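Coordinates as given in query.tsv (TSV, C-alpha atoms and all ligand atoms):
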chain	number	residue	atom	x	y	z
A	1	MET	CA	-1.07	17.97	-8.39
A	2	ARG	CA	-1.12	15.40	-11.21
A	3	LEU	CA	-0.89	11.92	-9.68
A	4	LEU	CA	-0.25	8.73	-11.66
A	5	VAL	CA	-1.01	5.52	-9.74
A	6	VAL	CA	0.77	2.48	-11.18
A	7	GLY	CA	-1.30	-0.57	-10.21
A	8	ALA	CA	-4.59	1.32	-9.73
A	9	ASN	CA	-6.57	-1.93	-9.47
A	10	GLY	CA	-4.59	-3.31	-6.52
A	11	LEU	CA	-5.89	-3.02	-2.97
A	12	LEU	CA	-3.47	-0.24	-2.10
A	13	GLY	CA	-3.53	1.32	-5.57
A	14	SER	CA	-7.32	1.66	-5.55
A	15	ASN	CA	-7.07	3.47	-2.21
A	16	VAL	CA	-4.34	5.80	-3.51
A	17	VAL	CA	-6.61	6.70	-6.45
A	18	ARG	CA	-9.43	7.46	-3.98
A	19	ALA	CA	-7.13	9.47	-1.66
A	20	GLY	CA	-5.87	11.54	-4.61
A	21	GLN	CA	-9.43	12.25	-5.74
A	22	GLN	CA	-10.38	13.29	-2.20
A	23	ARG	CA	-7.56	15.84	-2.32
A	24	GLY	CA	-8.86	17.23	-5.59
A	25	TRP	CA	-5.77	16.08	-7.49
A	26	ALA	CA	-5.82	15.18	-11.19
A	27	VAL	CA	-5.54	11.40	-10.89
A	28	SER	CA	-4.68	8.88	-13.60
A	29	GLY	CA	-3.67	5.27	-13.37
A	30	THR	CA	-2.38	2.10	-14.93
A	31	TYR	CA	-3.78	-1.39	-14.55
A	32	HIS	CA	-2.52	-4.82	-15.55
A	33	SER	CA	-5.14	-7.56	-16.09
A	34	THR	CA	-8.36	-5.94	-14.86
A	35	ARG	CA	-9.46	-2.38	-15.60
A	36	PRO	CA	-10.75	-0.79	-12.39
A	37	ASN	CA	-14.06	0.98	-12.28
A	38	PHE	CA	-12.72	4.53	-11.77
A	39	ASP	CA	-13.70	7.61	-13.71
A	40	VAL	CA	-10.08	8.62	-14.32
A	41	PRO	CA	-7.80	8.21	-17.37
A	42	LEU	CA	-6.42	4.67	-17.33
A	43	THR	CA	-3.78	2.89	-19.40
A	44	GLN	CA	-2.95	-0.80	-19.49
A	45	PHE	CA	0.68	-1.30	-18.49
A	46	ASN	CA	2.70	-4.45	-17.80
A	47	LEU	CA	5.72	-4.01	-15.55
A	48	GLN	CA	7.40	-6.83	-17.45
A	49	GLU	CA	7.43	-4.48	-20.46
A	50	TYR	CA	8.51	-1.44	-18.52
A	51	SER	CA	10.27	0.19	-21.47
A	52	THR	CA	6.74	1.32	-22.47
A	53	PHE	CA	6.60	3.45	-19.30
A	54	ASP	CA	7.80	6.39	-21.41
A	55	ASP	CA	4.53	6.30	-23.35
A	56	VAL	CA	2.55	6.20	-20.09
A	57	ILE	CA	4.41	9.27	-18.81
A	58	ASN	CA	3.95	11.13	-22.06
A	59	GLU	CA	0.24	10.31	-22.06
A	60	HIS	CA	-0.52	11.40	-18.47
A	61	GLY	CA	2.18	14.00	-17.68
A	62	PRO	CA	2.25	13.39	-13.90
A	63	ASP	CA	3.98	15.45	-11.20
A	64	VAL	CA	4.23	12.34	-9.05
A	65	VAL	CA	4.10	8.59	-9.72
A	66	VAL	CA	3.11	6.16	-6.93
A	67	ASN	CA	4.04	2.57	-7.77
A	68	CYS	CA	1.60	0.23	-6.00
A	69	ALA	CA	2.03	-2.63	-8.49
A	70	ALA	CA	4.09	-5.64	-7.52
A	71	MET	CA	4.25	-9.40	-7.74
A	72	THR	CA	2.66	-9.90	-4.31
A	73	ASP	CA	2.11	-13.68	-4.46
A	74	VAL	CA	4.85	-14.72	-2.04
A	75	ASP	CA	4.79	-18.41	-3.02
A	76	GLY	CA	4.46	-17.49	-6.70
A	77	CYS	CA	7.68	-15.44	-6.41
A	78	GLU	CA	9.45	-18.50	-4.97
A	79	ARG	CA	8.37	-20.54	-7.99
A	80	ASN	CA	9.17	-17.82	-10.54
A	81	PRO	CA	12.12	-15.78	-9.26
A	82	GLU	CA	12.90	-14.29	-12.69
A	83	ALA	CA	9.48	-12.67	-12.98
A	84	ALA	CA	9.66	-11.54	-9.33
A	85	HIS	CA	12.97	-9.82	-9.99
A	86	VAL	CA	11.75	-8.03	-13.11
A	87	ILE	CA	8.41	-6.90	-11.61
A	88	ASN	CA	9.61	-6.04	-8.09
A	89	SER	CA	13.07	-4.69	-8.82
A	90	GLU	CA	14.05	-4.00	-12.45
A	91	ALA	CA	10.78	-2.35	-13.47
A	92	PRO	CA	10.56	-0.01	-10.44
A	93	ALA	CA	14.20	0.98	-11.01
A	94	GLY	CA	13.47	1.69	-14.68
A	95	MET	CA	10.44	3.82	-13.77
A	96	ALA	CA	12.40	5.71	-11.10
A	97	ALA	CA	15.19	6.46	-13.59
A	98	ARG	CA	12.68	7.79	-16.12
A	99	CYS	CA	11.03	9.96	-13.44
A	100	GLU	CA	14.39	11.27	-12.24
A	101	GLN	CA	15.20	12.31	-15.83
A	102	ALA	CA	11.85	14.08	-16.22
A	103	GLY	CA	11.78	15.78	-12.79
A	104	ILE	CA	8.80	13.70	-11.62
A	105	ASP	CA	8.56	12.59	-7.96
A	106	PHE	CA	8.53	8.81	-7.47
A	107	VAL	CA	7.09	6.68	-4.67
A	108	HIS	CA	7.80	2.96	-4.52
A	109	VAL	CA	5.93	0.77	-2.03
A	110	SER	CA	7.84	-1.98	-0.22
A	111	THR	CA	7.29	-4.57	2.47
A	112	ASP	CA	8.00	-5.83	5.99
A	113	TYR	CA	9.20	-9.06	4.31
A	114	VAL	CA	12.61	-7.46	3.76
A	115	PHE	CA	13.23	-8.57	7.38
A	116	ASP	CA	14.07	-12.08	8.59
A	117	GLY	CA	11.82	-12.06	11.65
A	118	THR	CA	14.50	-12.75	14.26
A	119	ALA	CA	13.88	-9.44	16.08
A	120	ARG	CA	11.58	-9.23	19.10
A	121	ASP	CA	11.01	-5.47	18.97
A	122	PRO	CA	9.38	-3.68	16.02
A	123	TYR	CA	11.77	-3.06	13.12
A	124	SER	CA	12.76	0.56	12.55
A	125	GLU	CA	13.86	1.97	9.19
A	126	THR	CA	17.49	1.65	10.28
A	127	ALA	CA	17.23	-2.10	11.06
A	128	ASP	CA	19.25	-4.37	8.78
A	129	PRO	CA	17.09	-6.17	6.21
A	130	ASN	CA	17.72	-9.87	5.60
A	131	PRO	CA	14.91	-11.38	3.53
A	132	VAL	CA	14.22	-15.10	3.86
A	133	GLN	CA	12.32	-15.68	0.60
A	134	VAL	CA	12.47	-14.60	-3.07
A	135	TYR	CA	9.62	-12.09	-2.65
A	136	GLY	CA	11.50	-10.20	0.09
A	137	GLU	CA	14.79	-10.42	-1.81
A	138	SER	CA	13.18	-8.99	-4.95
A	139	LYS	CA	11.47	-6.21	-2.97
A	140	LEU	CA	14.71	-5.30	-1.17
A	141	ALA	CA	16.56	-5.24	-4.50
A	142	GLY	CA	13.77	-2.96	-5.76
A	143	GLU	CA	14.17	-0.54	-2.84
A	144	ARG	CA	17.91	-0.32	-3.43
A	145	ALA	CA	17.66	0.01	-7.20
A	146	VAL	CA	15.03	2.75	-6.89
A	147	GLN	CA	17.21	4.66	-4.42
A	148	ASP	CA	20.18	4.31	-6.77
A	149	ALA	CA	18.09	5.73	-9.62
A	150	MET	CA	16.56	8.54	-7.54
A	151	GLU	CA	18.06	9.64	-4.24
A	152	THR	CA	14.90	11.51	-3.23
A	153	ALA	CA	12.47	8.64	-3.87
A	154	LEU	CA	9.90	7.96	-1.14
A	155	LEU	CA	9.82	4.30	-0.01
A	156	PRO	CA	6.96	3.37	2.32
A	157	ARG	CA	7.14	-0.18	3.73
A	158	LEU	CA	3.79	-1.80	4.55
A	159	SER	CA	2.82	-4.94	6.49
A	160	PHE	CA	-0.14	-7.35	6.17
A	161	VAL	CA	-2.30	-5.06	4.00
A	162	TRP	CA	-6.10	-5.17	4.34
A	163	GLY	CA	-9.02	-2.84	3.72
A	164	ILE	CA	-11.72	-1.88	1.28
A	165	HIS	CA	-10.92	-2.20	-2.41
A	166	ARG	CA	-12.08	1.18	-3.69
A	167	SER	CA	-13.01	0.10	-7.20
A	168	THR	CA	-15.22	-2.83	-6.16
A	169	GLY	CA	-16.23	-1.39	-2.75
A	170	THR	CA	-15.62	-4.76	-1.08
A	171	LEU	CA	-13.58	-5.66	1.97
A	172	SER	CA	-10.32	-7.39	0.94
A	173	GLY	CA	-7.60	-9.40	2.57
A	174	PHE	CA	-7.56	-11.23	5.88
A	175	PRO	CA	-10.65	-9.61	7.55
A	176	ALA	CA	-12.84	-10.44	4.56
A	177	TRP	CA	-12.04	-14.14	4.95
A	178	VAL	CA	-12.43	-14.07	8.76
A	179	ARG	CA	-15.77	-12.27	8.50
A	180	GLU	CA	-17.02	-14.75	5.91
A	181	GLN	CA	-16.08	-17.72	8.11
A	182	LEU	CA	-17.62	-16.17	11.24
A	183	GLN	CA	-20.84	-15.23	9.50
A	184	ALA	CA	-21.13	-18.80	8.19
A	185	SER	CA	-20.46	-20.08	11.76
A	186	GLU	CA	-17.40	-21.90	10.43
A	187	ALA	CA	-14.26	-22.46	12.52
A	188	VAL	CA	-11.46	-19.95	11.84
A	189	PRO	CA	-7.96	-21.35	12.33
A	190	LEU	CA	-5.59	-18.43	13.03
A	191	PHE	CA	-1.87	-18.31	13.74
A	192	THR	CA	-0.80	-17.53	17.27
A	193	ASP	CA	2.92	-17.72	16.44
A	194	GLN	CA	3.17	-14.89	13.88
A	195	LEU	CA	3.34	-11.18	14.78
A	196	VAL	CA	2.50	-8.37	12.36
A	197	THR	CA	1.45	-4.70	12.36
A	198	PRO	CA	-1.53	-4.80	9.95
A	199	THR	CA	-1.72	-1.91	7.49
A	200	ARG	CA	-5.15	-0.63	6.50
A	201	ALA	CA	-4.90	0.30	2.82
A	202	GLY	CA	-7.02	3.47	3.17
A	203	GLN	CA	-4.91	4.70	6.06
A	204	ALA	CA	-1.66	3.92	4.17
A	205	ALA	CA	-2.89	5.72	1.05
A	206	GLN	CA	-3.65	8.91	3.01
A	207	THR	CA	-0.31	8.68	4.80
A	208	VAL	CA	1.63	8.21	1.56
A	209	LEU	CA	-0.02	11.22	-0.10
A	210	THR	CA	0.61	13.38	2.97
A	211	LEU	CA	4.28	12.37	2.82
A	212	VAL	CA	4.26	13.34	-0.87
A	213	GLU	CA	2.77	16.74	0.02
A	214	GLN	CA	5.48	17.22	2.63
A	215	ALA	CA	8.18	16.28	0.08
A	216	SER	CA	9.39	13.49	2.39
A	217	SER	CA	11.90	11.03	0.98
A	218	GLY	CA	13.55	7.78	1.97
A	219	LEU	CA	12.17	4.84	3.95
A	220	TYR	CA	9.05	5.09	6.13
A	221	HIS	CA	7.31	2.25	7.94
A	222	VAL	CA	3.57	2.70	7.42
A	223	ALA	CA	1.32	0.42	9.49
A	224	CYS	CA	-0.89	0.47	12.56
A	225	SER	CA	0.78	0.79	15.94
A	226	SER	CA	-0.46	-2.60	17.23
A	227	CYS	CA	1.86	-5.60	16.94
A	228	VAL	CA	-0.56	-8.55	16.95
A	229	THR	CA	-0.97	-12.18	15.95
A	230	PRO	CA	-3.54	-13.03	13.29
A	231	TYR	CA	-5.47	-14.70	16.15
A	232	GLU	CA	-5.59	-11.39	18.06
A	233	PHE	CA	-6.65	-9.62	14.84
A	234	GLY	CA	-9.43	-12.23	14.58
A	235	GLU	CA	-10.55	-11.44	18.14
A	236	VAL	CA	-10.91	-7.74	17.27
A	237	LEU	CA	-12.91	-8.66	14.16
A	238	SER	CA	-15.17	-11.17	15.89
A	239	ALA	CA	-16.10	-8.53	18.48
A	240	HIS	CA	-17.08	-6.17	15.65
A	241	VAL	CA	-18.96	-8.80	13.68
A	242	GLY	CA	-20.79	-9.81	16.87
A	243	ALA	CA	-19.83	-13.45	16.27
A	244	ASN	CA	-19.05	-16.23	18.69
A	245	SER	CA	-15.34	-15.94	19.43
A	246	ASN	CA	-15.27	-19.68	20.22
A	247	LEU	CA	-15.11	-20.15	16.46
A	248	LEU	CA	-11.55	-18.82	16.52
A	249	GLN	CA	-9.03	-21.67	16.75
A	250	ALA	CA	-5.37	-21.30	17.63
A	251	GLY	CA	-3.15	-22.48	14.77
A	252	SER	CA	0.56	-22.53	14.01
A	253	THR	CA	2.52	-21.42	10.94
A	254	GLU	CA	4.12	-24.88	11.16
A	255	ASP	CA	0.76	-26.51	10.42
A	256	ILE	CA	0.88	-25.53	6.76
A	257	ASP	CA	3.31	-26.30	4.00
A	258	ARG	CA	4.10	-23.35	1.73
A	259	ALA	CA	6.67	-22.84	-1.03
A	260	ALA	CA	8.21	-19.74	0.59
A	261	ALA	CA	9.40	-19.18	4.15
A	262	ARG	CA	7.77	-16.34	6.11
A	263	PRO	CA	9.21	-14.31	8.97
A	264	THR	CA	7.23	-15.12	12.12
A	265	TYR	CA	7.88	-11.59	13.44
A	266	SER	CA	7.65	-8.61	11.09
A	267	CYS	CA	6.16	-5.81	13.20
A	268	LEU	CA	7.16	-2.37	12.00
A	269	ASP	CA	8.09	0.54	14.26
A	270	VAL	CA	5.96	3.48	13.09
A	271	GLY	CA	7.68	6.12	15.22
A	272	LYS	CA	9.41	7.83	12.28
A	273	VAL	CA	6.23	8.40	10.26
A	274	ALA	CA	4.36	9.49	13.41
A	275	GLU	CA	7.03	12.10	14.02
A	276	GLU	CA	7.08	13.25	10.39
A	277	LEU	CA	3.29	13.66	10.34
A	278	GLY	CA	3.06	15.02	13.89
A	279	ARG	CA	0.46	12.44	14.91
A	280	GLU	CA	0.31	8.95	16.39
A	281	GLN	CA	-0.47	6.13	14.02
A	282	PRO	CA	-3.81	4.33	14.59
A	283	THR	CA	-4.14	1.22	16.71
A	284	LEU	CA	-5.61	-1.87	15.04
A	285	ARG	CA	-8.91	-1.28	16.86
A	286	GLU	CA	-9.08	2.28	15.51
A	287	ASP	CA	-8.41	1.00	11.99
A	288	VAL	CA	-11.11	-1.66	12.29
A	289	ASP	CA	-13.54	0.95	13.66
A	290	ALA	CA	-12.79	3.08	10.58
A	291	VAL	CA	-14.22	0.40	8.29
A	292	TRP	CA	-16.90	-0.79	10.71
A	293	ASN	CA	-19.74	-0.06	8.29
A	294	ALA	CA	-18.20	-2.37	5.71
A	295	LEU	CA	-17.80	-5.11	8.30
A	296	GLY	CA	-21.28	-4.93	9.79
A	301	LIG	N1	-0.51	-7.45	0.54
A	301	LIG	C1	0.27	-7.35	1.61
A	301	LIG	O1	0.00	-7.93	2.67
A	301	LIG	C2	1.51	-6.47	1.54
A	301	LIG	C3	2.34	-6.40	2.68
A	301	LIG	C4	3.45	-5.56	2.65
A	301	LIG	C5	3.72	-4.82	1.53
A	301	LIG	N2	2.92	-4.92	0.43
A	301	LIG	C6	3.28	-4.13	-0.76
A	301	LIG	O2	2.25	-3.18	-0.96
A	301	LIG	C7	2.12	-2.89	-2.35
A	301	LIG	C8	0.66	-3.00	-2.77
A	301	LIG	O3	0.21	-4.32	-2.53
A	301	LIG	P1	-1.34	-4.72	-2.52
A	301	LIG	O4	-1.59	-5.38	-1.22
A	301	LIG	O5	-2.16	-3.59	-2.96
A	301	LIG	O6	-1.29	-5.87	-3.62
A	301	LIG	P2	-2.33	-6.30	-4.74
A	301	LIG	O7	-3.72	-5.99	-4.33
A	301	LIG	O8	-1.94	-7.71	-5.06
A	301	LIG	O9	-1.96	-5.35	-5.95
A	301	LIG	C9	-0.83	-5.55	-6.74
A	301	LIG	C10	-1.13	-4.98	-8.10
A	301	LIG	O10	0.04	-5.18	-8.93
A	301	LIG	C11	-0.41	-5.51	-10.21
A	301	LIG	N3	0.57	-6.27	-10.97
A	301	LIG	C12	1.03	-7.51	-10.75
A	301	LIG	N4	1.86	-7.89	-11.74
A	301	LIG	C13	1.93	-6.84	-12.59
A	301	LIG	C14	2.62	-6.61	-13.80
A	301	LIG	N5	3.40	-7.53	-14.37
A	301	LIG	N6	2.47	-5.40	-14.40
A	301	LIG	C15	1.68	-4.45	-13.87
A	301	LIG	N7	0.99	-4.61	-12.72
A	301	LIG	C16	1.12	-5.81	-12.10
A	301	LIG	C17	-1.65	-6.37	-9.99
A	301	LIG	O11	-2.44	-6.38	-11.13
A	301	LIG	P3	-3.06	-7.76	-11.69
A	301	LIG	O12	-3.78	-8.36	-10.53
A	301	LIG	O13	-3.97	-7.30	-12.77
A	301	LIG	O14	-1.91	-8.59	-12.15
A	301	LIG	C18	-2.30	-5.66	-8.81
A	301	LIG	O15	-3.23	-4.69	-9.24
A	301	LIG	C19	3.08	-3.84	-3.07
A	301	LIG	O16	4.28	-3.15	-3.33
A	301	LIG	C20	3.35	-4.93	-2.05
A	301	LIG	O17	4.61	-5.52	-2.25
A	301	LIG	C21	1.80	-5.71	0.42

As structure tokens, how would this structure be written, given the file I've shared?
Amino acid sequence: MRLLVVGANGLLGSNVVRAGQQRGWAVSGTYHSTRPNFDVPLTQFNLQEYSTFDDVINEHGPDVVVNCAAMTDVDGCERNPEAAHVINSEAPAGMAARCEQAGIDFVHVSTDYVFDGTARDPYSETADPNPVQVYGESKLAGERAVQDAMETALLPRLSFVWGIHRSTGTLSGFPAWVREQLQASEAVPLFTDQLVTPTRAGQAAQTVLTLVEQASSGLYHVACSSCVTPYEFGEVLSAHVGANSNLLQAGSTEDIDRAAARPTYSCLDVGKVAEELGREQPTLREDVDAVWNALG
């Protein structure tokens, strides 16, 4: 299988590169500002100039393209909606159309932020999206435009992504910050009024490539099976780090002023992907155990 990872230097993208290599696939990638440290063919590619995607395809000749690149700065999207729309919607649609034409499979990664957070049970793939900020709107528009361009596109939605960046080998995202604070014996203020199903990037990358192997298409929620607050996530981490859990402090999303609104509930129901793969999805504890060596 010839796999092209768009956004190979992102947290998820770097894990998809690694997962493809582990399968023995011929992996290539694109990067935007920073070239990752992978021994695979790499091309610089800006989603804002997506008409050049043709050249990327001609250069690498993939069987499947996995788009992990996005404008992921939620507040930045609020301040620059035009760029958010191009990067998160127009460009993915353009790439999907090109892949459809060339008979190449296309995977486009989306987000739990397509939901408004008013639910109290995990969102399934059939739940109605209703984004409450520009980032979510642009990502939802991207999902729809990709599906219009390619009916068989695979669209995994992730939530609260964390894990080891596979080019730098360092822990990224929320746990990296919590660990740093705990190890410095600094207080860690964590929300108790937000609920998420954290997605470990390595786990998501393996899941996405298995779905590709199974020729799955459409929406899949890919996350751990635990719906937790960031405070509860912090408790799991502090137990692993062996730190004093008194350093964890209960905080509220209302304590901070941010440009974009966030849903306070965005847990994803992972039943569909569990059924498709024939196995339960990991709990948060199992995911944290899986990267224990990096946390220790
Ligand atoms: N992070 C989360 O908590 C989260 C939650 C749910 C869903 N998701 C989705 O999961 C996917 C992967 O996210 P991630 O967590 O891996 O994010 P990430 O680490 O921020 O990676 C995003 C990548 O996109 C690239 N990118 C940004 N603008 C670009 C442009 N104009 N042209 C080409 N590439 C560009 C970035 O490259 P540069 O840094 O060089 O610009 C970066 O490598 C995204 O679709 C995101 O929407 C993320």

Next on the checklist: Could you list, as an MDAnalysis selection string, every residue within 8 Å of stretch 53-56 of chain A, counting all atoms listed in the file and ignoring same-chain residues fewer than 6 positions away?
Outcome noted: chainID A and resid 43 45 95 98

Output file for the selection above: C-alpha atoms, as a short mmCIF file (atom, residue, chain, number, x, y, z; two decimals), in the coordinates of the input:
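The result, written out as result06.cif:
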data_model
loop_
_atom_site.label_atom_id
_atom_site.label_comp_id
_atom_site.auth_asym_id
_atom_site.auth_seq_id
_atom_site.Cartn_x
_atom_site.Cartn_y
_atom_site.Cartn_z
CA THR A 43 -3.78 2.89 -19.40
CA PHE A 45 0.68 -1.30 -18.49
CA MET A 95 10.44 3.82 -13.77
CA ARG A 98 12.68 7.79 -16.12
#

Checklist entry - Leaving out A:Asp255 and any residue of its chain fewer than 4 positions from it, which residues lie within 12 Å of it when counting only C-alpha atoms, given as number ranges by chain? => result A: 189-193, 250-251

Next on the checklist: Just want the 8 Å neighbourhood of A:Leu195, counted on all atoms listed in the file, with same-chain residues fewer than 5 positions away dropped. Output as a list in words.
Outcome noted: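 Neighbouring residues, sequence-local ones excluded: Cys227, Val228, Thr229, Pro230, Thr264, Tyr265, Ser266 and Cys267 of chain A.
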
Item to check | Environment of ligand LIG 301 (chain A) within 9 Å, counting all atoms listed in the file, reported as number ranges by chain | outcome: A: 6-15, 30-35, 44-50, 67-73, 83-84, 86-88, 91, 108-113, 135-136, 139, 156-162, 165, 172-174, 198-199, 201

Item to check | Nearest to A:Tyr123 by atom-to-atom distance, counting all atoms listed in the file, from A:Ser185, A:Ser252, A:Thr197, A:Ser216 | outcome: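 Of A:Ser185, A:Ser252, A:Thr197, A:Ser216, the one nearest A:Tyr123, counting all atoms listed in the file, is A:Thr197.
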
Checklist entry - How far is it from atom CA of A:Ala141 to atom CA of A:Glu90, in Å with one decimal? => result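 Atom CA of A:Glu90 lies 8.4 Å from atom CA of A:Ala141.
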
Item to check | Counting only C-alpha atoms, the residue of A:Pro36, A:Gln206, A:Glu254, A:Arg262 that sits nearest A:Asn130 | outcome: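 Counting only C-alpha atoms, the residue closest to A:Asn130 is A:Arg262.
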
Item to check | Interatomic distance, atom CA of A:Ala119 to atom CA of A:Ala205 (Å, one decimal) | outcome: 27.1 Å

Checklist entry - How many Å separate atom CA of A:Pro175 from atom CA of A:Gly234? => result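 Rounded to one decimal, the two atoms are 7.6 Å apart.
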
Next on the checklist: Give me, as a VMD selection string, all polymer residues having an atom no more than 12 Å from A:Arg279, counting all atoms listed in the file and skipping those fewer than 4 positions away in the same chain.
Outcome noted: chain A and resid 207 210 225 270 to 275

Next on the checklist: Need to verify the contact set: A:Gln181, 10 Å, all atoms listed in the file, exclusion of same-chain residues closer than 5 positions in sequence. Can you return it as a ChimeraX atom specification?
Outcome noted: /A:175-176,186-189,243,247-248

Next on the checklist: Measuring between only C-alpha atoms, which one of A:Gly163, A:Arg2, A:Ala239, A:Pro92 shows the shortest distance to A:Val107?
Outcome noted: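 Selected residue with least distance to A:Val107: A:Pro92.
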
Item to check | A:Val65, A:Gly202, A:Asn37, A:Ser138 ranked by distance to A:Gln22, top pick (using all atoms listed in the file) | outcome: A:Gly202

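Of the residues under consideration (A:Ala215, A:Leu182, A:Ala223, A:Leu268), A:Leu182 shows the shortest atom-to-atom contact distance to A:Asn246 when counting all atoms listed in the file.
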
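Of the listed residues (A:Ala260, A:Ala204, A:Ala96, A:Leu155), A:Ala260 comes nearest to A:Val132; the distances count all atoms listed in the file.
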